[in-house]
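Chemist: Next comes entry-v6.pdb, PDB, C-alpha atoms:
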```
MODEL        1
ATOM      1  CA  MET X   1      -1.379  95.492  75.433
ATOM      2  CA  GLY X   2      -2.353  91.924  74.613
ATOM      3  CA  SER X   3      -5.843  92.943  73.596
ATOM      4  CA  ASN X   4      -4.605  95.707  71.440
ATOM      5  CA  ASP X   5      -2.213  93.357  69.652
ATOM      6  CA  SER X   6      -5.000  90.887  69.013
ATOM      7  CA  LEU X   7      -7.213  93.594  67.640
ATOM      8  CA  ALA X   8      -4.419  94.820  65.448
ATOM      9  CA  GLY X   9      -3.812  91.293  64.268
ATOM     10  CA  ASN X  10      -7.467  90.780  63.461
ATOM     11  CA  SER X  11      -7.671  93.965  61.550
ATOM     12  CA  LYS X  12      -4.606  93.031  59.529
ATOM     13  CA  GLY X  13      -6.068  89.576  58.868
ATOM     14  CA  GLU X  14      -9.305  91.105  57.698
ATOM     15  CA  GLU X  15      -7.395  93.423  55.410
ATOM     16  CA  VAL X  16      -5.455  90.469  53.961
ATOM     17  CA  LEU X  17      -8.647  88.461  53.416
ATOM     18  CA  GLY X  18     -10.286  91.448  51.852
ATOM     19  CA  THR X  19      -7.367  91.922  49.593
ATOM     20  CA  LYS X  20      -7.432  88.223  48.554
ATOM     21  CA  GLU X  21     -11.147  88.317  47.899
ATOM     22  CA  THR X  22     -10.717  91.437  45.835
ATOM     23  CA  GLN X  23      -7.912  89.832  43.853
ATOM     24  CA  GLY X  24     -10.048  86.675  43.352
ATOM     25  CA  GLU X  25     -12.945  88.714  42.074
ATOM     26  CA  GLU X  26     -10.647  90.582  39.685
ATOM     27  CA  GLU X  27      -9.157  87.318  38.383
ATOM     28  CA  GLU X  28     -12.619  85.904  37.985
ATOM     29  CA  GLU X  29     -13.706  88.953  36.047
ATOM     30  CA  GLU X  30     -10.598  88.694  33.863
ATOM     31  CA  THR X  31     -11.272  85.035  33.101
ATOM     32  CA  THR X  32     -14.957  85.502  32.353
ATOM     33  CA  SER X  33     -14.825  88.813  30.584
ATOM     34  CA  PRO X  34     -13.430  87.534  27.210
ATOM     35  CA  ILE X  35     -16.108  84.862  26.914
ATOM     36  CA  SER X  36     -18.879  87.274  27.637
ATOM     37  CA  SER X  37     -17.480  89.881  25.233
ATOM     38  CA  SER X  38     -16.988  87.474  22.262
ATOM     39  CA  ASN X  39     -20.104  85.357  22.638
ATOM     40  CA  PRO X  40     -22.511  86.876  25.080
ATOM     41  CA  PHE X  41     -25.202  84.377  23.952
ATOM     42  CA  PRO X  42     -23.544  80.980  23.115
ATOM     43  CA  SER X  43     -25.559  78.889  20.568
ATOM     44  CA  PRO X  44     -26.847  75.591  21.718
ATOM     45  CA  SER X  45     -25.431  72.344  20.225
ATOM     46  CA  PRO X  46     -27.326  71.032  17.088
ATOM     47  CA  THR X  47     -29.860  68.357  17.785
ATOM     48  CA  PRO X  48     -30.346  65.244  15.626
ATOM     49  CA  GLU X  49     -33.504  66.837  14.229
ATOM     50  CA  ASP X  50     -31.457  69.802  13.056
ATOM     51  CA  THR X  51     -28.942  67.489  11.377
ATOM     52  CA  ILE X  52     -31.710  65.595   9.572
ATOM     53  CA  SER X  53     -33.318  68.847   8.438
ATOM     54  CA  TYR X  54     -29.985  70.058   7.070
ATOM     55  CA  ILE X  55     -29.399  66.817   5.165
ATOM     56  CA  LEU X  56     -32.918  66.889   3.760
ATOM     57  CA  GLY X  57     -32.405  70.486   2.641
ATOM     58  CA  ARG X  58     -29.195  69.550   0.876
ATOM     59  CA  LEU X  59     -30.855  66.564  -0.790
ATOM     60  CA  SER X  60     -33.698  68.802  -1.941
ATOM     61  CA  GLY X  61     -31.182  71.189  -3.478
ATOM     62  CA  LEU X  62     -29.422  68.328  -5.250
ATOM     63  CA  ASP X  63     -32.743  67.033  -6.568
ATOM     64  CA  ALA X  64     -33.576  70.473  -7.955
ATOM     65  CA  GLY X  65     -30.141  70.611  -9.607
ATOM     66  CA  LEU X  66     -30.651  67.168 -11.167
ATOM     67  CA  HIS X  67     -34.024  68.271 -12.448
ATOM     68  CA  GLN X  68     -32.490  71.286 -14.139
ATOM     69  CA  LEU X  69     -29.777  69.050 -15.601
ATOM     70  CA  HIS X  70     -32.422  66.686 -17.021
ATOM     71  CA  ILE X  71     -34.169  69.646 -18.605
ATOM     72  CA  ARG X  72     -30.953  70.783 -20.255
ATOM     73  CA  LEU X  73     -30.163  67.263 -21.474
ATOM     74  CA  HIS X  74     -33.642  67.023 -22.975
ATOM     75  CA  THR X  75     -33.073  70.355 -24.730
ATOM     76  CA  LEU X  76     -29.756  69.105 -26.076
ATOM     77  CA  ASP X  77     -31.354  65.857 -27.297
ATOM     78  CA  THR X  78     -34.017  67.863 -29.098
ATOM     79  CA  ARG X  79     -31.360  70.046 -30.696
ATOM     80  CA  VAL X  80     -29.352  66.999 -31.778
ATOM     81  CA  VAL X  81     -32.456  65.494 -33.391
ATOM     82  CA  GLN X  82     -33.087  68.759 -35.244
ATOM     83  CA  LEU X  83     -29.485  68.923 -36.436
ATOM     84  CA  THR X  84     -29.628  65.287 -37.574
ATOM     85  CA  GLN X  85     -32.778  65.979 -39.553
ATOM     86  CA  GLY X  86     -31.154  69.067 -41.068
ATOM     87  CA  LEU X  87     -28.073  67.066 -42.077
ATOM     88  CA  ARG X  88     -30.263  64.379 -43.610
ATOM     89  CA  GLN X  89     -32.163  66.992 -45.615
ATOM     90  CA  LEU X  90     -28.876  68.584 -46.685
ATOM     91  CA  ARG X  91     -27.547  65.183 -47.733
ATOM     92  CA  ASP X  92     -30.693  64.519 -49.736
ATOM     93  CA  ALA X  93     -30.428  67.936 -51.361
ATOM     94  CA  THR X  94     -26.754  67.300 -52.162
ATOM     95  CA  SER X  95     -27.643  63.948 -53.684
ATOM     96  CA  ASP X  96     -30.347  65.580 -55.794
ATOM     97  CA  THR X  97     -27.865  68.248 -56.871
ATOM     98  CA  HIS X  98     -25.299  65.578 -57.767
ATOM     99  CA  ASP X  99     -27.912  63.724 -59.814
ATOM    100  CA  SER X 100     -28.861  66.957 -61.553
ATOM    101  CA  VAL X 101     -25.234  67.769 -62.330
ATOM    102  CA  GLN X 102     -24.693  64.234 -63.629
ATOM    103  CA  ALA X 103     -27.780  64.528 -65.806
ATOM    104  CA  LEU X 104     -26.515  67.861 -67.148
ATOM    105  CA  LYS X 105     -23.120  66.329 -67.929
ATOM    106  CA  GLU X 106     -24.741  63.436 -69.770
ATOM    107  CA  ALA X 107     -26.942  65.859 -71.692
ATOM    108  CA  GLN X 108     -23.860  67.916 -72.572
ATOM    109  CA  VAL X 109     -22.050  64.800 -73.820
ATOM    110  CA  ARG X 110     -25.039  63.861 -75.970
ATOM    111  CA  ALA X 111     -25.247  67.423 -77.306
ATOM    112  CA  GLU X 112     -21.533  67.430 -78.189
ATOM    113  CA  GLN X 113     -21.865  64.079 -79.926
ATOM    114  CA  GLU X 114     -24.865  65.254 -81.889
ATOM    115  CA  HIS X 115     -23.080  68.475 -82.800
ATOM    116  CA  GLY X 116     -20.046  66.468 -83.896
ATOM    117  CA  ARG X 117     -22.135  64.208 -86.115
ATOM    118  CA  LEU X 118     -23.864  67.188 -87.726
ATOM    119  CA  GLU X 119     -20.545  68.984 -88.235
ATOM    120  CA  GLY X 120     -18.969  65.832 -89.670
ATOM    121  CA  CYS X 121     -21.685  65.477 -92.271
ATOM    122  CA  LEU X 122     -21.922  69.209 -93.071
ATOM    123  CA  LYS X 123     -18.174  69.882 -93.380
ATOM    124  CA  GLY X 124     -16.935  66.458 -94.392
ATOM    125  CA  MET X 125     -17.802  63.914 -97.051
ATOM    126  CA  ARG X 126     -20.973  61.873 -96.960
ATOM    127  CA  LEU X 127     -20.935  58.335 -98.315
ATOM    128  CA  GLY X 128     -24.064  56.232 -97.881
ATOM    129  CA  HIS X 129     -24.765  55.997 -94.159
ATOM    130  CA  LYS X 130     -21.360  57.415 -93.188
ATOM    131  CA  CYS X 131     -19.737  60.818 -93.112
ATOM    132  CA  PHE X 132     -15.940  61.354 -93.043
ATOM    133  CA  LEU X 133     -14.247  64.461 -91.632
ATOM    134  CA  LEU X 134     -10.493  65.119 -91.701
ATOM    135  CA  SER X 135      -8.785  66.733 -88.697
ATOM    136  CA  ARG X 136      -5.497  68.554 -89.232
ATOM    137  CA  ASP X 137      -4.507  68.215 -85.578
ATOM    138  CA  PHE X 138      -1.586  65.954 -84.735
ATOM    139  CA  GLU X 139      -2.561  63.202 -82.284
ATOM    140  CA  THR X 140      -1.511  59.706 -81.299
ATOM    141  CA  GLN X 141      -3.808  56.979 -82.565
ATOM    142  CA  GLU X 142      -5.424  56.471 -79.168
ATOM    143  CA  ALA X 143      -5.936  60.205 -78.580
ATOM    144  CA  ALA X 144      -7.387  60.585 -82.075
ATOM    145  CA  GLN X 145      -9.910  57.819 -81.391
ATOM    146  CA  ALA X 146     -10.873  59.503 -78.110
ATOM    147  CA  ARG X 147     -11.502  62.804 -79.881
ATOM    148  CA  CYS X 148     -13.603  61.154 -82.568
ATOM    149  CA  LYS X 149     -15.634  59.301 -79.954
ATOM    150  CA  ALA X 150     -16.235  62.460 -77.925
ATOM    151  CA  ARG X 151     -17.758  63.973 -81.074
ATOM    152  CA  GLY X 152     -20.079  61.022 -81.624
ATOM    153  CA  GLY X 153     -17.968  58.995 -84.056
ATOM    154  CA  ASN X 154     -14.883  56.776 -84.432
ATOM    155  CA  LEU X 155     -11.710  56.792 -86.441
ATOM    156  CA  ALA X 156     -12.517  55.982 -90.056
ATOM    157  CA  GLN X 157     -13.248  52.308 -90.716
ATOM    158  CA  PRO X 158     -13.480  51.770 -94.493
ATOM    159  CA  ALA X 159     -15.151  48.417 -94.890
ATOM    160  CA  ASP X 160     -14.898  47.855 -98.667
ATOM    161  CA  ARG X 161     -13.288  49.052-101.890
ATOM    162  CA  GLN X 162     -15.970  51.677-102.531
ATOM    163  CA  GLN X 163     -15.423  53.318 -99.133
ATOM    164  CA  MET X 164     -11.649  52.982 -99.514
ATOM    165  CA  ASP X 165     -11.617  54.720-102.901
ATOM    166  CA  ALA X 166     -13.994  57.473-101.762
ATOM    167  CA  LEU X 167     -11.933  58.123 -98.622
ATOM    168  CA  GLY X 168      -8.735  58.207-100.738
ATOM    169  CA  ARG X 169     -10.206  60.835-103.104
ATOM    170  CA  TYR X 170     -11.362  62.931-100.141
ATOM    171  CA  LEU X 171      -7.958  62.889 -98.425
ATOM    172  CA  ARG X 172      -6.075  63.559-101.668
ATOM    173  CA  ALA X 173      -8.260  66.567-102.466
ATOM    174  CA  SER X 174      -7.979  67.891 -98.903
ATOM    175  CA  LEU X 175      -4.192  67.581 -98.521
ATOM    176  CA  ALA X 176      -2.819  67.925-102.081
ATOM    177  CA  PRO X 177      -0.173  68.585-103.213
ATOM    178  CA  TYR X 178       1.339  67.054-100.075
ATOM    179  CA  ASN X 179       1.375  63.465 -98.906
ATOM    180  CA  TRP X 180       0.387  63.059 -95.272
ATOM    181  CA  PRO X 181      -0.275  59.803 -93.383
ATOM    182  CA  VAL X 182      -3.685  59.888 -91.702
ATOM    183  CA  TRP X 183      -4.787  57.636 -88.842
ATOM    184  CA  LEU X 184      -7.522  55.085 -89.527
ATOM    185  CA  GLY X 185      -9.450  53.061 -86.967
ATOM    186  CA  VAL X 186      -7.483  49.874 -87.697
ATOM    187  CA  ASN X 187      -4.908  48.169 -85.429
ATOM    188  CA  ASP X 188      -3.515  44.775 -84.403
ATOM    189  CA  ARG X 189      -2.800  45.594 -80.737
ATOM    190  CA  ARG X 190      -4.652  42.523 -79.480
ATOM    191  CA  SER X 191      -2.683  40.015 -81.528
ATOM    192  CA  GLU X 192       0.053  40.550 -84.079
ATOM    193  CA  GLY X 193      -1.373  40.227 -87.581
ATOM    194  CA  LEU X 194      -5.000  40.209 -86.409
ATOM    195  CA  TYR X 195      -6.307  43.577 -87.607
ATOM    196  CA  LEU X 196      -9.488  44.890 -86.022
ATOM    197  CA  PHE X 197     -11.581  48.025 -86.374
ATOM    198  CA  GLU X 198     -12.117  50.221 -83.329
ATOM    199  CA  ASN X 199     -15.578  48.688 -82.899
ATOM    200  CA  GLY X 200     -13.979  45.233 -82.487
ATOM    201  CA  GLN X 201     -14.949  43.852 -85.910
ATOM    202  CA  ARG X 202     -12.338  42.000 -87.891
ATOM    203  CA  VAL X 203     -10.965  43.790 -90.954
ATOM    204  CA  SER X 204     -11.678  41.873 -94.152
ATOM    205  CA  PHE X 205     -10.476  44.429 -96.695
ATOM    206  CA  PHE X 206      -6.884  45.708 -96.884
ATOM    207  CA  ALA X 207      -5.079  48.276 -99.060
ATOM    208  CA  TRP X 208      -1.457  47.742 -97.997
ATOM    209  CA  HIS X 209       1.275  49.622 -99.782
ATOM    210  CA  ARG X 210       3.320  47.432-102.144
ATOM    211  CA  ALA X 211       6.735  48.211-103.504
ATOM    212  CA  PRO X 212       6.617  48.827-107.264
ATOM    213  CA  SER X 213       7.749  45.922-109.393
ATOM    214  CA  PRO X 214      10.932  46.615-111.393
ATOM    215  CA  GLU X 215      10.408  47.237-115.064
ATOM    216  CA  PRO X 216      11.462  44.473-117.435
ATOM    217  CA  GLY X 217      15.166  44.685-118.210
ATOM    218  CA  ALA X 218      15.851  47.162-115.376
ATOM    219  CA  HIS X 219      18.622  46.357-112.920
ATOM    220  CA  PRO X 220      17.367  46.093-109.321
ATOM    221  CA  SER X 221      18.644  48.795-106.967
ATOM    222  CA  ALA X 222      21.300  47.778-104.485
ATOM    223  CA  ALA X 223      19.450  49.564-101.674
ATOM    224  CA  SER X 224      15.742  50.175-102.060
ATOM    225  CA  HIS X 225      14.177  53.299-100.562
ATOM    226  CA  PRO X 226      12.755  52.610 -97.064
ATOM    227  CA  LEU X 227       9.363  53.982 -98.083
ATOM    228  CA  SER X 228       9.120  51.485-100.913
ATOM    229  CA  LEU X 229       9.028  48.437 -98.665
ATOM    230  CA  ASP X 230       5.953  46.277 -98.646
ATOM    231  CA  GLN X 231       3.573  46.909 -95.784
ATOM    232  CA  PRO X 232       3.035  45.915 -93.043
ATOM    233  CA  ASN X 233       6.633  45.580 -91.976
ATOM    234  CA  GLY X 234       6.813  46.954 -88.417
ATOM    235  CA  GLY X 235       5.991  43.791 -86.505
ATOM    236  CA  VAL X 236       5.137  44.309 -82.842
ATOM    237  CA  LEU X 237       6.643  47.836 -82.927
ATOM    238  CA  GLU X 238       4.045  49.180 -85.363
ATOM    239  CA  ASN X 239       0.479  48.178 -84.563
ATOM    240  CA  CYS X 240      -1.657  51.010 -85.951
ATOM    241  CA  VAL X 241      -2.633  51.745 -89.549
ATOM    242  CA  ALA X 242      -2.471  55.082 -91.376
ATOM    243  CA  GLN X 243      -3.560  55.869 -94.916
ATOM    244  CA  ALA X 244      -1.334  57.834 -97.279
ATOM    245  CA  SER X 245      -3.116  60.845 -98.667
ATOM    246  CA  ASP X 246      -1.532  60.675-102.123
ATOM    247  CA  ASP X 247      -2.386  57.158-103.273
ATOM    248  CA  GLY X 248      -4.640  55.889-100.443
ATOM    249  CA  SER X 249      -2.350  52.989 -99.494
ATOM    250  CA  TRP X 250      -2.124  51.636 -95.940
ATOM    251  CA  TRP X 251       1.010  51.796 -93.777
ATOM    252  CA  ASP X 252       1.609  50.424 -90.330
ATOM    253  CA  HIS X 253       3.072  52.900 -87.817
ATOM    254  CA  ASP X 254       4.013  53.210 -84.185
ATOM    255  CA  CYS X 255       0.730  54.021 -82.427
ATOM    256  CA  GLU X 256       2.449  56.806 -80.468
ATOM    257  CA  ARG X 257       3.290  58.805 -83.586
ATOM    258  CA  ARG X 258       1.351  62.056 -83.884
ATOM    259  CA  LEU X 259      -0.481  62.223 -87.205
ATOM    260  CA  TYR X 260      -3.542  63.763 -88.819
ATOM    261  CA  PHE X 261      -6.679  61.672 -88.415
ATOM    262  CA  VAL X 262     -10.039  61.207 -90.066
ATOM    263  CA  CYS X 263     -13.251  60.485 -88.178
ATOM    264  CA  GLU X 264     -16.378  58.802 -89.438
ATOM    265  CA  TYR X 265     -19.900  59.541 -88.181
ATOM    266  CA  PRO X 266     -23.158  57.660 -88.661
ATOM    267  CA  PHE X 267     -25.659  59.433 -90.880
TER     268      PHE X 267
ENDMDL
END
```
For the structure just supplied, provide its representation as structure tokens.
Modeler:
Amino acid sequence: MGSNDSLAGNSKGEEVLGTKETQGEEEEEETTSPISSSNPFPSPSPTPEDTISYILGRLSGLDAGLHQLHIRLHTLDTRVVQLTQGLRQLRDATSDTHDSVQALKEAQVRAEQEHGRLEGCLKGMRLGHKCFLLSRDFETQEAAQARCKARGGNLAQPADRQQMDALGRYLRASLAPYNWPVWLGVNDRRSEGLYLFENGQRVSFFAWHRAPSPEPGAHPSAASHPLSLDQPNGGVLENCVAQASDDGSWWDHDCERRLYFVCEYPF
């Protein structure tokens, strides 16, 4: 009986051991199986040589990128130089065009002045080395001078009795039977009482209107007509001179009045 029990005990112990070994093997398989399934051949750790090779490869790539960048910058510099040269050429061409336009404008001004002088002498009255031409446009004295100058002349500047009488006959024949004041190139803008021509020369000959003297034995009028007053009588308010077309006398007027005007041109 004792031997049988010992044998039975041994057999049970062997079965227990066998069962434990089997369970250990299964656990070991369970723990090792995921590693072997996911990475059956684990890569070795990188060596310092591998790290250096990687860094050198990256540096080589960066160097190649910098080289390409330098090439592009050089291309851009070349393009900028070309554009700068093109702009300079365009600026030079624009300057030449501006000079040409300016030259054309100056030529046009000279042509208009020459045309004005020819027209003044063909349509107006010639007297010695001058020609006078009446304009029936209403202008201020300054605007009238500008128009005469643009046509190659100035407002009329009668310098002596001969020119004064000739200009009076011309205006009377042109505007009869009416009496119109006509701008001359005479003013005292610079200083009251100092009359100058438009060319800056001092006026030495005058033909101011004078009120008619009363006849002997006639009673003087209580109130004389305003147009019969002696001229000049406007003071600082009337600084420009106009000539009456009926008798050729001079009257001072406000320079801003709009009157006919007569230009003179060199012949």
Chemist: Which one of X:Ser135, X:Phe205, X:Lys149, X:Ala64 sits closest to Gln162 (chain X) if you count all atoms listed in the file?
Modeler: X:Phe205
Chemist: Once the PyMOL selection byres ((chain X and resi 182) around 12) has been evaluated on this model, what residues remain selected, and can you format them as a PyMOL selection string?
Modeler: chain X and resi 133-141+144+155-156+167-168+170-172+174-175+179-181+183-186+240-253+255+257-263
Chemist: For a test of reading the model, state the distance in Å between CA of Ala173 (chain X) and CA of His209 (chain X), rounded to one decimal.
Modeler: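 These two atoms are separated by 19.6 Å.
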Chemist: For each of X:Arg189, X:Gln201, X:Cys131, X:Leu56, take the minimum atom-to-atom distance to Leu237 (chain X), counting only C-alpha atoms, then give the residue where this is smallest.
Modeler: X:Arg189
Chemist: Please measure the separation of CA of Lys123 (chain X) and CA of Asn154 (chain X), giving the value in Å to one decimal.
Modeler: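 So the answer is 16.2 Å.
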Chemist: Residue by residue, what does the PyMOL selection byres ((chain X and resi 150) around 10) grab here? Present the result as a PyMOL selection string.
Modeler: chain X and resi 109-110+112-114+116+144-149+151-154
Chemist: Store the residues of this selection in a file with C-alpha atoms, as a CSV table (one decimal), keeping the file's coordinate frame.
Modeler:
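Here's the written file result-v4.csv:
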```csv
chain,number,residue,atom,x,y,z
X,109,VAL,CA,-22.0,64.8,-73.8
X,110,ARG,CA,-25.0,63.9,-76.0
X,112,GLU,CA,-21.5,67.4,-78.2
X,113,GLN,CA,-21.9,64.1,-79.9
X,114,GLU,CA,-24.9,65.3,-81.9
X,116,GLY,CA,-20.0,66.5,-83.9
X,144,ALA,CA,-7.4,60.6,-82.1
X,145,GLN,CA,-9.9,57.8,-81.4
X,146,ALA,CA,-10.9,59.5,-78.1
X,147,ARG,CA,-11.5,62.8,-79.9
X,148,CYS,CA,-13.6,61.2,-82.6
X,149,LYS,CA,-15.6,59.3,-80.0
X,151,ARG,CA,-17.8,64.0,-81.1
X,152,GLY,CA,-20.1,61.0,-81.6
X,153,GLY,CA,-18.0,59.0,-84.1
X,154,ASN,CA,-14.9,56.8,-84.4
```
Chemist: What does the distance from CA of His74 (chain X) to CA of Asp92 (chain X) come to in Å, to one decimal?
Modeler: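 Separation between CA of His74 (chain X) and CA of Asp92 (chain X): 27.0 Å.
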Chemist: Running the PyMOL selection byres ((chain X and resi 200) around 12) on this model by hand, what would come out? Give it as a ChimeraX atom specification.
Modeler: /X:154,157,185-190,194-199,201-203
Chemist: Starting from 3 Å padding per side, set up an axis-aligned box that covers all listed atoms of region 160-173 of chain X and hand over centre and edge lengths in Å, one decimal, as AutoDock Vina command-line options.
Modeler:
```
--center_x -11.0 --center_y 57.2 --center_z -100.8 --size_x 15.9 --size_y 24.7 --size_z 10.7
```
